[in-house]
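Just below is one structure, and these are the notes that go with it.
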Amino acid sequence: MRHRIVVLGAGYAGAFAAGYLARHLHPDDFDITAVNAESHFVERMRLHQLAAGQDAPRHELAKVFAGTSLRLRVARVTAVDVEHRIVTVEDRAGTERLEYDTLLYSLGSTTADHGVPGVAEHAFHIAERQPTLRLRRRLGELAENGRVLVVGGNLTAIEAATEIVEAHPELQVTLATSGELGGWLSPKARRHLFRAFDRFGITVHEHTTIGRVEATGAVASDGTTLASDATVWAAGFSVHPIAAASGLDVEHDGRITVDRLMRSVSHPEVYAAGDSVHAVGDNGSPLPMSCASAGFTARQATAAIVGDLTGRKISKIPMAYLGNCLSLGQRDAIFQAVDGEAHSRSWSLRGRPAARLKAGVLKNVVWSTCHPTYGLPSRKLRLTTADRSVGRDRHAESL
């Protein structure tokens with residue numbers, strides 16, 4: 001009986017991990033299934049560009065996993081039962097129950113509405129591909145001087161506002177944030193940010209908390225009305241509630257609680273990576289939800305899975321956060337370096353050099369995700385004798 005590994009999600013973390021496992025584990029011993037809602041790899045870091053009207057290369061997951069015995073299941077995950085080791089997925093044809101011996105949970109995150117009324121009904125977001133396409137269509141429908149309101153002051157909100165106004169200079173773009181715009185940046189970087197906003201003509205409302213979203217705009221907590229023909233909600237991310245409902249130990253925000261090797265502390269046959277995991281960095285603080293964090297956690301989780309199942313020594317991957325890279329349209333950007341405590345250093349890269357850096361990062365991330373074993377020995381590792389017995393026993397118990 002082959003050991004069944006199921007990988008949930010094929011974003012930056014899941015696609016890398018699934019490809020790595022499929023190319024390193026022997027198909028006679030392992031049955032690997034990757035589940036993803038889309039048939040292709042979605043470059044989430046480019047979704048603000050997609051919303052603005054740009055088209056990115058399409059990376060079909062079938063091609064990403066070509067040459068392996070991995071099974072790709074295009075479906076939505078609706079439930080995880082960690083006690084019986086079953087994942088329920090759903091597509092147009094119906095539902096299917098997938099049994100597993102080892103699970104890698106990397107479903108990522110979506111937008112956080114923070115309980116604000118009207119967000120689900122009236123706002124657009126760019127945390128997933130299909131909602132991003134709806135925003136793209138809406139922006140294309142707006143006439144000259146159409147009003148776009150971006151809610152949020154984080155990287156996603158800044159990138160969305162600048163990308164939209166650069167692609168649609170005929171629109172009036174406003175950004176509202178509950179704090180200071182770019183308040184975490186160093187002084188030089190923040191001045192550069194405001195110069196970019198001035199150049200684009202983006203109106204900024206700082207210290208403005210949105211109390212509700214309506215069809216014609218948003219209303220702040222102090223009663224101020226911000227009119228809008230398209231409201232873009234970019235006020236942070238939250239994880240899907242599936243992990244919390246599964247019986248796994250999770251943190252207050254729903255992220256899975258793990259040990260240093262990305263194993264669930266409550267169910268060690270479950271590993272987590274990407275935005276879904278509460279990973280503590282080398283500085284003692286939780287890593288933020290980001291592509292950079294996804295890379296570190298995915299590599300650690302795959303190293304642990306391979307080590308636990310084949311008896312190989314498990315390497316510890318550094319858990320660091322090096323900085324923020326945010327684009328300001330196509331030809332401008334900021335890379336803000338941070339220290340060991342994730343506080344901004346005085347140094348930052350700005351302008352076209354930072355834009356070239358960001359473009360390079362985007363290309364390299366996709367390439368490494370689609371080529372997880374480049375430069376590594378091509379080995380097919382076998383399941384250890386002990387784990388063969390465990391796999392058979394688990395299967396017998398599920399019958």
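Going through the structure tokens in order, the chains are called A, B, and so on, while each chain numbers its residues from 1 and the ligands are numbered from 1 in the order shown.
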
List the spatial neighbours of range 52-62 of chain A as a list in words - criterion: any atom at most 8 Å away, only C-alpha atoms, same-chain residues fewer than 6 positions off excluded.
Ser39, His40, Phe41, Val42, Arg46, Leu72, Arg136, Leu139, Ala160, Glu163, Ile164, Ala167 and His168 of chain A

Return as a list in words the full set of residues in range 38-100 of chain A whose backbone-based DSSP assignment is strand (DSSP E).
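Everything in range 38-100 of chain A that counts as strand (DSSP E) is His40, Phe41, His59, Glu60, Arg71, Leu72, Arg73, Val74, Arg76, Val77, Thr78, Ala79, Val80, Asp81, Ile86, Val87, Thr88, Val89, Glu90, Asp91, Gly94, Thr95, Glu96, Arg97, Leu98 and Glu99 of chain A.
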
May I have the selected residues written with C-alpha atoms, as a PDB file, in the first residue's frame?
ATOM      1  CA  HIS A  40      -3.157  26.990 -13.328  1.00  0.00           C
ATOM      2  CA  PHE A  41      -0.720  28.625 -10.947  1.00  0.00           C
ATOM      3  CA  HIS A  59       1.232  28.580 -16.013  1.00  0.00           C
ATOM      4  CA  GLU A  60      -0.831  25.408 -16.331  1.00  0.00           C
ATOM      5  CA  ARG A  71      -2.398  13.556  -9.540  1.00  0.00           C
ATOM      6  CA  LEU A  72      -3.790  17.082  -9.981  1.00  0.00           C
ATOM      7  CA  ARG A  73      -7.340  17.502  -8.681  1.00  0.00           C
ATOM      8  CA  VAL A  74      -8.935  20.799  -9.778  1.00  0.00           C
ATOM      9  CA  ARG A  76     -12.400  23.465  -4.058  1.00  0.00           C
ATOM     10  CA  VAL A  77     -11.579  22.129  -0.612  1.00  0.00           C
ATOM     11  CA  THR A  78     -14.747  22.257   1.494  1.00  0.00           C
ATOM     12  CA  ALA A  79     -13.714  20.364   4.628  1.00  0.00           C
ATOM     13  CA  VAL A  80     -10.851  18.599   6.364  1.00  0.00           C
ATOM     14  CA  ASP A  81     -11.427  15.853   8.933  1.00  0.00           C
ATOM     15  CA  ILE A  86     -10.177  12.756   5.020  1.00  0.00           C
ATOM     16  CA  VAL A  87     -10.373  15.832   2.804  1.00  0.00           C
ATOM     17  CA  THR A  88     -13.645  16.704   1.075  1.00  0.00           C
ATOM     18  CA  VAL A  89     -13.380  18.496  -2.268  1.00  0.00           C
ATOM     19  CA  GLU A  90     -16.044  19.761  -4.637  1.00  0.00           C
ATOM     20  CA  ASP A  91     -16.302  20.643  -8.311  1.00  0.00           C
ATOM     21  CA  GLY A  94     -19.929  16.748  -7.298  1.00  0.00           C
ATOM     22  CA  THR A  95     -17.931  15.930  -4.189  1.00  0.00           C
ATOM     23  CA  GLU A  96     -15.084  13.537  -3.514  1.00  0.00           C
ATOM     24  CA  ARG A  97     -13.492  12.337  -0.290  1.00  0.00           C
ATOM     25  CA  LEU A  98      -9.717  12.013  -0.398  1.00  0.00           C
ATOM     26  CA  GLU A  99      -7.991   9.889   2.218  1.00  0.00           C
TER      27      GLU A  99
END

Which polymer residues have any atom within 6 Å of an atom of range 220-236 of chain A, counting only C-alpha atoms, with same-chain residues fewer than 6 positions away left out, as an mmCIF file with C-alpha atoms, in the first residue's frame?
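The resulting file, result-v2.cif, is reproduced below:
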data_model
loop_
_atom_site.group_PDB
_atom_site.id
_atom_site.type_symbol
_atom_site.label_atom_id
_atom_site.label_comp_id
_atom_site.auth_asym_id
_atom_site.auth_seq_id
_atom_site.Cartn_x
_atom_site.Cartn_y
_atom_site.Cartn_z
ATOM 1 C CA ALA A 112 -10.353 40.155 5.562
ATOM 2 C CA ALA A 123 -16.745 45.817 -2.574
ATOM 3 C CA PHE A 124 -14.218 44.238 -4.931
ATOM 4 C CA HIS A 125 -10.981 42.609 -3.805
ATOM 5 C CA ARG A 147 -14.434 57.211 -8.958
ATOM 6 C CA VAL A 148 -12.387 54.373 -7.471
ATOM 7 C CA LEU A 149 -11.924 54.039 -3.711
ATOM 8 C CA VAL A 150 -9.174 51.762 -2.373
ATOM 9 C CA VAL A 151 -9.577 50.881 1.306
ATOM 10 C CA GLY A 152 -6.379 49.936 3.128
ATOM 11 C CA ALA A 157 -3.669 48.705 -1.229
ATOM 12 C CA THR A 209 -11.751 53.927 9.437
ATOM 13 C CA ILE A 210 -14.488 52.648 7.153
ATOM 14 C CA GLY A 211 -17.670 51.753 9.036
#

Quick one: of A:Ala93, A:Leu25, A:Val165, A:Leu326, who's nearest to Met45 in chain A, counting only C-alpha atoms?
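Under the stated criterion, the closest residue is A:Leu326.
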
Just want the 12 Å neighbourhood of Arg260 in chain A, counted on only C-alpha atoms, with same-chain residues fewer than 3 positions away dropped. Output as a PyMOL selection string.
chain A and resi 257+263-265+268+271-273+277-282+284+286+296-297+300-301+303-304+314-319

Using the selection just defined, write its residues with N, CA and C atoms as an mmCIF file, in the first residue's frame.
data_model
loop_
_atom_site.group_PDB
_atom_site.id
_atom_site.type_symbol
_atom_site.label_atom_id
_atom_site.label_comp_id
_atom_site.auth_asym_id
_atom_site.auth_seq_id
_atom_site.Cartn_x
_atom_site.Cartn_y
_atom_site.Cartn_z
ATOM 1 N N THR A 257 -1.185 26.193 14.156
ATOM 2 C CA THR A 257 -0.070 26.209 15.100
ATOM 3 C C THR A 257 0.866 25.043 14.792
ATOM 4 N N ARG A 263 5.254 21.128 11.386
ATOM 5 C CA ARG A 263 4.302 20.083 11.739
ATOM 6 C C ARG A 263 3.235 20.657 12.669
ATOM 7 N N SER A 264 1.991 20.276 12.446
ATOM 8 C CA SER A 264 0.931 20.660 13.368
ATOM 9 C C SER A 264 1.255 20.142 14.768
ATOM 10 N N VAL A 265 1.074 20.996 15.769
ATOM 11 C CA VAL A 265 1.378 20.569 17.136
ATOM 12 C C VAL A 265 0.334 19.591 17.665
ATOM 13 N N PRO A 268 0.603 15.609 14.134
ATOM 14 C CA PRO A 268 1.920 15.674 13.484
ATOM 15 C C PRO A 268 1.971 15.100 12.073
ATOM 16 N N TYR A 271 1.137 18.934 8.008
ATOM 17 C CA TYR A 271 2.127 19.995 7.893
ATOM 18 C C TYR A 271 1.436 21.209 7.272
ATOM 19 N N ALA A 272 1.985 22.386 7.489
ATOM 20 C CA ALA A 272 1.360 23.596 6.949
ATOM 21 C C ALA A 272 2.429 24.513 6.387
ATOM 22 N N ALA A 273 2.038 25.295 5.375
ATOM 23 C CA ALA A 273 2.965 26.237 4.745
ATOM 24 C C ALA A 273 2.183 27.391 4.153
ATOM 25 N N VAL A 277 -0.084 29.090 7.810
ATOM 26 C CA VAL A 277 0.681 28.619 8.954
ATOM 27 C C VAL A 277 1.121 29.776 9.849
ATOM 28 N N HIS A 278 1.070 29.532 11.148
ATOM 29 C CA HIS A 278 1.595 30.484 12.134
ATOM 30 C C HIS A 278 3.049 30.092 12.388
ATOM 31 N N ALA A 279 3.935 30.581 11.538
ATOM 32 C CA ALA A 279 5.356 30.238 11.629
ATOM 33 C C ALA A 279 6.100 31.342 12.366
ATOM 34 N N VAL A 280 6.879 30.954 13.347
ATOM 35 C CA VAL A 280 7.657 31.920 14.119
ATOM 36 C C VAL A 280 9.022 32.078 13.473
ATOM 37 N N GLY A 281 9.377 33.315 13.164
ATOM 38 C CA GLY A 281 10.645 33.599 12.519
ATOM 39 C C GLY A 281 11.821 33.449 13.466
ATOM 40 N N ASP A 282 13.019 33.548 12.916
ATOM 41 C CA ASP A 282 14.224 33.436 13.727
ATOM 42 C C ASP A 282 14.338 34.580 14.738
ATOM 43 N N GLY A 284 11.867 35.483 16.603
ATOM 44 C CA GLY A 284 10.910 35.211 17.663
ATOM 45 C C GLY A 284 9.524 35.747 17.407
ATOM 46 N N PRO A 286 6.049 36.114 14.737
ATOM 47 C CA PRO A 286 5.404 35.398 13.633
ATOM 48 C C PRO A 286 5.752 36.023 12.287
ATOM 49 N N PHE A 296 9.913 30.207 2.475
ATOM 50 C CA PHE A 296 10.630 29.608 3.610
ATOM 51 C C PHE A 296 9.839 28.462 4.220
ATOM 52 N N THR A 297 8.545 28.684 4.465
ATOM 53 C CA THR A 297 7.735 27.657 5.130
ATOM 54 C C THR A 297 7.522 26.449 4.229
ATOM 55 N N GLN A 300 10.681 24.381 4.368
ATOM 56 C CA GLN A 300 10.821 23.678 5.639
ATOM 57 C C GLN A 300 9.842 22.517 5.742
ATOM 58 N N ALA A 301 8.612 22.727 5.307
ATOM 59 C CA ALA A 301 7.609 21.664 5.375
ATOM 60 C C ALA A 301 7.996 20.479 4.504
ATOM 61 N N ALA A 303 11.019 19.639 3.523
ATOM 62 C CA ALA A 303 12.182 18.982 4.128
ATOM 63 C C ALA A 303 11.748 18.066 5.266
ATOM 64 N N ALA A 304 10.770 18.529 6.065
ATOM 65 C CA ALA A 304 10.293 17.722 7.183
ATOM 66 C C ALA A 304 9.530 16.492 6.702
ATOM 67 N N ILE A 314 16.684 16.094 8.615
ATOM 68 C CA ILE A 314 15.856 17.236 8.245
ATOM 69 C C ILE A 314 16.645 18.528 8.441
ATOM 70 N N SER A 315 16.845 19.255 7.368
ATOM 71 C CA SER A 315 17.539 20.544 7.456
ATOM 72 C C SER A 315 16.596 21.597 8.008
ATOM 73 N N LYS A 316 17.144 22.520 8.759
ATOM 74 C CA LYS A 316 16.354 23.655 9.245
ATOM 75 C C LYS A 316 16.556 24.832 8.297
ATOM 76 N N ILE A 317 15.462 25.272 7.709
ATOM 77 C CA ILE A 317 15.500 26.384 6.765
ATOM 78 C C ILE A 317 15.442 27.694 7.548
ATOM 79 N N PRO A 318 16.293 28.669 7.233
ATOM 80 C CA PRO A 318 16.207 29.962 7.943
ATOM 81 C C PRO A 318 14.823 30.576 7.780
ATOM 82 N N MET A 319 14.308 31.126 8.866
ATOM 83 C CA MET A 319 13.002 31.783 8.859
ATOM 84 C C MET A 319 13.221 33.278 9.071
#

Would you write out, as CSV, a table of all residues in range 44-106 of chain A that have an atom no more than 7 Å from an atom of range 2-5 of chain A, listing for each the closest atom pair and the distance in Å to one decimal, considering only C-alpha atoms and ordering rows by chain and rising residue number?
residue,atom,partner,partner_atom,distance
A:Tyr100,CA,A:Arg4,CA,5.0
A:Asp101,CA,A:Arg4,CA,5.1
A:Thr102,CA,A:Ile5,CA,4.8
A:Leu103,CA,A:Ile5,CA,5.8

Would you mind exporting the chosen residues as a PDB file, in the first residue's frame, restricted to N, CA and C atoms?
ATOM      1  N   TYR A 100      -5.900  10.443   3.271  1.00  0.00           N
ATOM      2  CA  TYR A 100      -4.470  10.732   3.281  1.00  0.00           C
ATOM      3  C   TYR A 100      -3.796  10.084   4.477  1.00  0.00           C
ATOM      4  N   ASP A 101      -2.499   9.878   4.334  1.00  0.00           N
ATOM      5  CA  ASP A 101      -1.641   9.496   5.457  1.00  0.00           C
ATOM      6  C   ASP A 101      -0.850  10.709   5.937  1.00  0.00           C
ATOM      7  N   THR A 102      -0.438  11.556   4.980  1.00  0.00           N
ATOM      8  CA  THR A 102       0.250  12.807   5.278  1.00  0.00           C
ATOM      9  C   THR A 102      -0.456  13.930   4.529  1.00  0.00           C
ATOM     10  N   LEU A 103      -0.678  15.041   5.213  1.00  0.00           N
ATOM     11  CA  LEU A 103      -1.361  16.177   4.607  1.00  0.00           C
ATOM     12  C   LEU A 103      -0.484  17.415   4.697  1.00  0.00           C
TER      13      LEU A 103
END

Would you list the contacts of Ser106 in chain A as a PyMOL selection string, taking every protein, DNA or RNA residue within 10 Å and counting only C-alpha atoms, but skipping same-chain residues closer than 3 positions in sequence?
chain A and resi 7-15+17+35-36+103+109+271-277+294+297-298

Neighbour list for Ser178 in chain A as number ranges by chain, cut-off 7 Å, only C-alpha atoms, skip fewer than 4 positions in-chain
A: 206-209

Could you produce a table of the residues of range 107-168 of chain A lying within 9 Å of range 187-205 of chain A, with the nearest pair of atoms per residue and their separation in Å rounded to one decimal, using only C-alpha atoms, ordered by chain and increasing residue number, as a Markdown table?
| residue | atom | partner | partner_atom | distance |
| --- | --- | --- | --- | --- |
| A:Ala161 | CA | A:Ile202 | CA | 7.7 |
| A:Thr162 | CA | A:Phe200 | CA | 7.2 |
| A:Val165 | CA | A:Phe200 | CA | 6.7 |
| A:Glu166 | CA | A:Phe200 | CA | 7.1 |

Could you tell me, as a PyMOL selection string, which residues of range 54-185 of chain A DSSP assigns to helix (DSSP H, G or I) when given the backbone?
chain A and resi 61-64+119-122+129-141+155-167

List as a PyMOL selection string the protein and nucleic acid residues near Leu383 in chain A, meaning an atom at most 6 Å away when only C-alpha atoms are counted, but skip any in the same chain fewer than 2 places from it.
chain A and resi 29+309-310

Which residue is closest to Pro372 in chain A? Choose from A:Arg299, A:His84, A:Arg352, A:Arg345 and count only C-alpha atoms.
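For Pro372 in chain A, the nearest of the given residues is A:Arg299.
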
Using only C-alpha atoms, find the one residue out of A:Leu142, A:Ile126, A:Val6, A:Val239 that sits nearest to Glu251 in chain A.
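Going through A:Leu142, A:Ile126, A:Val6, A:Val239 one by one, the smallest distance to Glu251 in chain A is for A:Val239.
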
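Nearest-residue note for Ala66 in chain A: choosing from A:Cys370, A:Trp184, A:Ser246, A:Thr111, the minimum distance belongs to A:Cys370, counting only C-alpha atoms.
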
Top pick for closest residue to Gly323 in chain A, considering A:Gly146, A:Pro117, A:Gly340, A:Gly307 and counting only C-alpha atoms
A:Gly340

Rounded to one decimal place, report the CA of Asp253 in chain A-CA of Tyr20 in chain A distance in Å.
28.9 Å
